[in-house]
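Source file: coords-v4.cif. Holds: mmCIF, C-alpha atoms.
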```cif
data_structure
loop_
_atom_site.group_PDB
_atom_site.id
_atom_site.type_symbol
_atom_site.label_atom_id
_atom_site.label_comp_id
_atom_site.auth_asym_id
_atom_site.auth_seq_id
_atom_site.Cartn_x
_atom_site.Cartn_y
_atom_site.Cartn_z
ATOM 1 C CA ILE I 5 163.659 83.920 101.695
ATOM 2 C CA ILE I 6 165.858 81.560 103.666
ATOM 3 C CA THR I 7 165.083 77.908 103.032
ATOM 4 C CA TYR I 8 166.424 76.715 106.382
ATOM 5 C CA PRO I 9 165.137 77.375 109.912
ATOM 6 C CA PRO I 10 166.869 80.168 111.886
ATOM 7 C CA ILE I 11 170.458 79.198 112.757
ATOM 8 C CA ARG I 12 171.361 79.955 116.385
ATOM 9 C CA TYR I 13 174.185 77.539 117.183
ATOM 10 C CA PRO I 14 177.507 76.517 115.620
ATOM 11 C CA CYS I 15 177.469 73.580 113.228
ATOM 12 C CA TYR I 16 179.748 70.631 113.943
ATOM 13 C CA ALA I 17 178.641 68.590 110.938
ATOM 14 C CA GLY I 18 180.563 70.328 108.200
ATOM 15 C CA ILE I 19 179.529 73.995 107.996
ATOM 16 C CA ASP I 20 181.924 76.444 109.613
ATOM 17 C CA PHE I 21 180.093 78.584 112.183
ATOM 18 C CA PRO I 22 182.862 78.986 114.768
ATOM 19 C CA SER I 23 180.908 80.848 117.434
ATOM 20 C CA GLN I 24 177.406 81.866 118.426
ATOM 21 C CA ASP I 25 178.480 85.514 118.545
ATOM 22 C CA GLU I 26 178.668 85.538 114.738
ATOM 23 C CA LEU I 27 175.087 84.338 114.259
ATOM 24 C CA LEU I 28 172.548 87.171 114.053
ATOM 25 C CA THR I 29 169.666 84.956 115.145
ATOM 26 C CA PHE I 30 171.497 83.982 118.330
ATOM 27 C CA ARG I 31 172.569 87.530 119.113
ATOM 28 C CA TYR I 32 169.294 89.303 118.453
ATOM 29 C CA ALA I 33 166.486 86.731 118.626
ATOM 30 C CA LYS I 34 167.793 83.851 120.730
ATOM 31 C CA ASN I 35 164.699 83.677 122.941
ATOM 32 C CA GLU I 36 162.190 84.135 120.129
ATOM 33 C CA THR I 37 160.339 81.024 118.934
ATOM 34 C CA SER I 38 158.229 82.462 116.112
ATOM 35 C CA SER I 39 159.981 82.252 112.731
ATOM 36 C CA LYS I 40 157.936 85.253 111.582
ATOM 37 C CA LYS I 41 159.093 87.396 114.537
ATOM 38 C CA ILE I 42 162.693 86.237 114.078
ATOM 39 C CA GLY I 43 162.494 87.170 110.395
ATOM 40 C CA ASN I 44 161.124 90.613 111.278
ATOM 41 C CA LYS I 45 163.955 91.265 113.771
ATOM 42 C CA ILE I 46 166.676 90.122 111.371
ATOM 43 C CA ALA I 47 165.158 92.105 108.474
ATOM 44 C CA LYS I 48 165.263 95.275 110.580
ATOM 45 C CA ILE I 49 168.900 94.648 111.578
ATOM 46 C CA ILE I 50 170.142 94.005 108.030
ATOM 47 C CA GLY I 51 167.975 96.677 106.414
ATOM 48 C CA ALA I 52 165.831 94.267 104.389
ATOM 49 C CA ASP I 53 162.129 94.706 103.722
ATOM 50 C CA GLU I 54 161.411 91.176 104.931
ATOM 51 C CA VAL I 55 163.173 87.937 105.867
ATOM 52 C CA PHE I 56 161.320 84.631 105.805
ATOM 53 C CA TYR I 57 162.647 81.423 107.352
ATOM 54 C CA ASN I 58 161.475 77.909 106.575
ATOM 55 C CA ASP I 59 160.530 75.542 109.391
ATOM 56 C CA THR I 60 161.761 71.991 109.897
ATOM 57 C CA GLU I 61 158.477 70.389 108.856
ATOM 58 C CA ASN I 62 158.202 72.230 105.538
ATOM 59 C CA LEU I 63 161.904 71.822 104.781
ATOM 60 C CA ALA I 64 161.615 68.048 105.202
ATOM 61 C CA LEU I 65 158.459 67.994 103.093
ATOM 62 C CA GLY I 66 160.097 70.115 100.389
ATOM 63 C CA ILE I 67 163.087 67.805 99.987
ATOM 64 C CA GLY I 68 161.172 64.564 100.453
ATOM 65 C CA LEU I 69 162.746 63.353 103.702
ATOM 66 C CA GLU I 70 161.405 62.784 107.189
ATOM 67 C CA GLU I 71 162.334 65.391 109.819
ATOM 68 C CA ASN I 72 164.088 62.716 111.890
ATOM 69 C CA GLU I 73 166.394 61.990 108.935
ATOM 70 C CA LEU I 74 167.771 65.534 108.980
ATOM 71 C CA CYS I 75 170.123 67.342 111.336
ATOM 72 C CA PHE I 76 168.811 70.579 112.826
ATOM 73 C CA SER I 77 171.452 70.930 115.553
ATOM 74 C CA CYS I 78 172.442 74.413 114.412
ATOM 75 C CA SER I 79 168.820 75.522 114.790
ATOM 76 C CA THR I 80 167.832 73.691 117.957
ATOM 77 C CA GLY I 81 171.106 73.418 119.869
ATOM 78 C CA ASN I 82 170.399 69.709 120.350
ATOM 79 C CA TYR I 83 173.569 67.926 119.266
ATOM 80 C CA SER I 84 172.500 64.451 120.415
ATOM 81 C CA THR I 85 172.133 63.238 116.819
ATOM 82 C CA LEU I 86 175.837 63.985 116.339
ATOM 83 C CA GLY I 87 176.810 62.244 119.575
ATOM 84 C CA ILE I 88 178.591 65.292 121.014
ATOM 85 C CA LYS I 89 178.089 67.947 123.668
ATOM 86 C CA PRO I 90 179.937 71.032 122.434
ATOM 87 C CA ASN I 91 181.673 73.574 124.613
ATOM 88 C CA PHE I 92 180.644 76.895 123.072
ATOM 89 C CA LYS I 93 183.293 79.588 122.833
ATOM 90 C CA THR I 94 183.299 83.172 121.685
ATOM 91 C CA LYS I 95 185.302 84.151 118.622
ATOM 92 C CA TYR I 96 187.790 85.853 120.956
ATOM 93 C CA GLN I 97 188.321 82.641 122.926
ATOM 94 C CA ILE I 98 188.826 80.749 119.668
ATOM 95 C CA LYS I 99 191.354 83.305 118.385
ATOM 96 C CA ASP I 100 193.341 83.104 121.633
ATOM 97 C CA GLN I 101 193.747 79.346 121.122
ATOM 98 C CA ILE I 102 195.169 79.609 117.611
ATOM 99 C CA PRO I 103 198.973 79.819 117.638
ATOM 100 C CA ILE I 104 200.339 82.711 115.578
ATOM 101 C CA ASN I 105 203.599 82.004 113.761
#
```

As structure tokens - that is how I would like this structure written.
Amino acid sequence: IITYPPIRYPCYAGIDFPSQDELLTFRYAKNETSSKKIGNKIAKIIGADEVFYNDTENLALGIGLEENELCFSCSTGNYSTLGIKPNFKTKYQIKDQIPIN
């Protein structure tokens, strides 16, 4: 059971997801909207019996906050709450930009 909605996009608010390529949900279920179907696809890929994702409404309810008080940018791809418009890069593009000493 995963207590957060499916993560499809990098996080720019403190959690290090450098590229979309590293996120299973983006790679294998990016066009899927049903959390149940996403969970089924990811479970098959990782060899689990089942994977269950939470949704934004139930997550907010579970922690006692309103949905609009939480950031779901890494699930929705909407970074407007952070005030940025990211330029997504692959992990290979990121590696090419890091100087090697």

What would the selection look like, as a list in words, if the PyMOL selection byres ((chain I and resi 61) around 12) were run on the coordinates I just shared?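 Applied to this file, the PyMOL selection byres ((chain I and resi 61) around 12) returns Thr7, Tyr8, Pro9, Tyr57, Asn58, Asp59, Thr60, Asn62, Leu63, Ala64, Leu65, Gly66, Ile67, Gly68, Leu69, Glu70, Glu71, Asn72, Glu73, Leu74 and Phe76 of chain I.
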
Residues at most 12 Å from Lys34 (chain I), counting only C-alpha atoms, excluding those fewer than 3 positions away in the same chain, as number ranges by chain? I: 10-13, 24-25, 27-31, 37-39, 41-42, 45-46, 79-81

Residues returned when the PyMOL selection byres ((chain I and resi 55) around 9) runs on this file, as a list of chain:residue names: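 Going through the file, the PyMOL selection byres ((chain I and resi 55) around 9) ends up selecting I:Ile5, I:Ile6, I:Lys40, I:Ile42, I:Gly43, I:Asn44, I:Lys45, I:Ile46, I:Ala47, I:Lys48, I:Ala52, I:Asp53, I:Glu54, I:Phe56, I:Tyr57.
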
Can you tell me how far CA of Ala33 (chain I) sits from CA of Cys75 (chain I), in Å to one decimal?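 CA of Ala33 (chain I) sits 21.0 Å away from CA of Cys75 (chain I).
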
CA of Ala17 (chain I) to CA of Leu86 (chain I), distance in Å rounded to a single decimal: 7.6 Å

Mind pulling up the distance from CA of Tyr32 (chain I) to CA of Ser84 (chain I)? 25.1 Å

Pick from I:Gly87, I:Ser77, I:Ile50, I:Asn82, whichever lies nearest to Cys15 (chain I) using only C-alpha atoms: I:Ser77
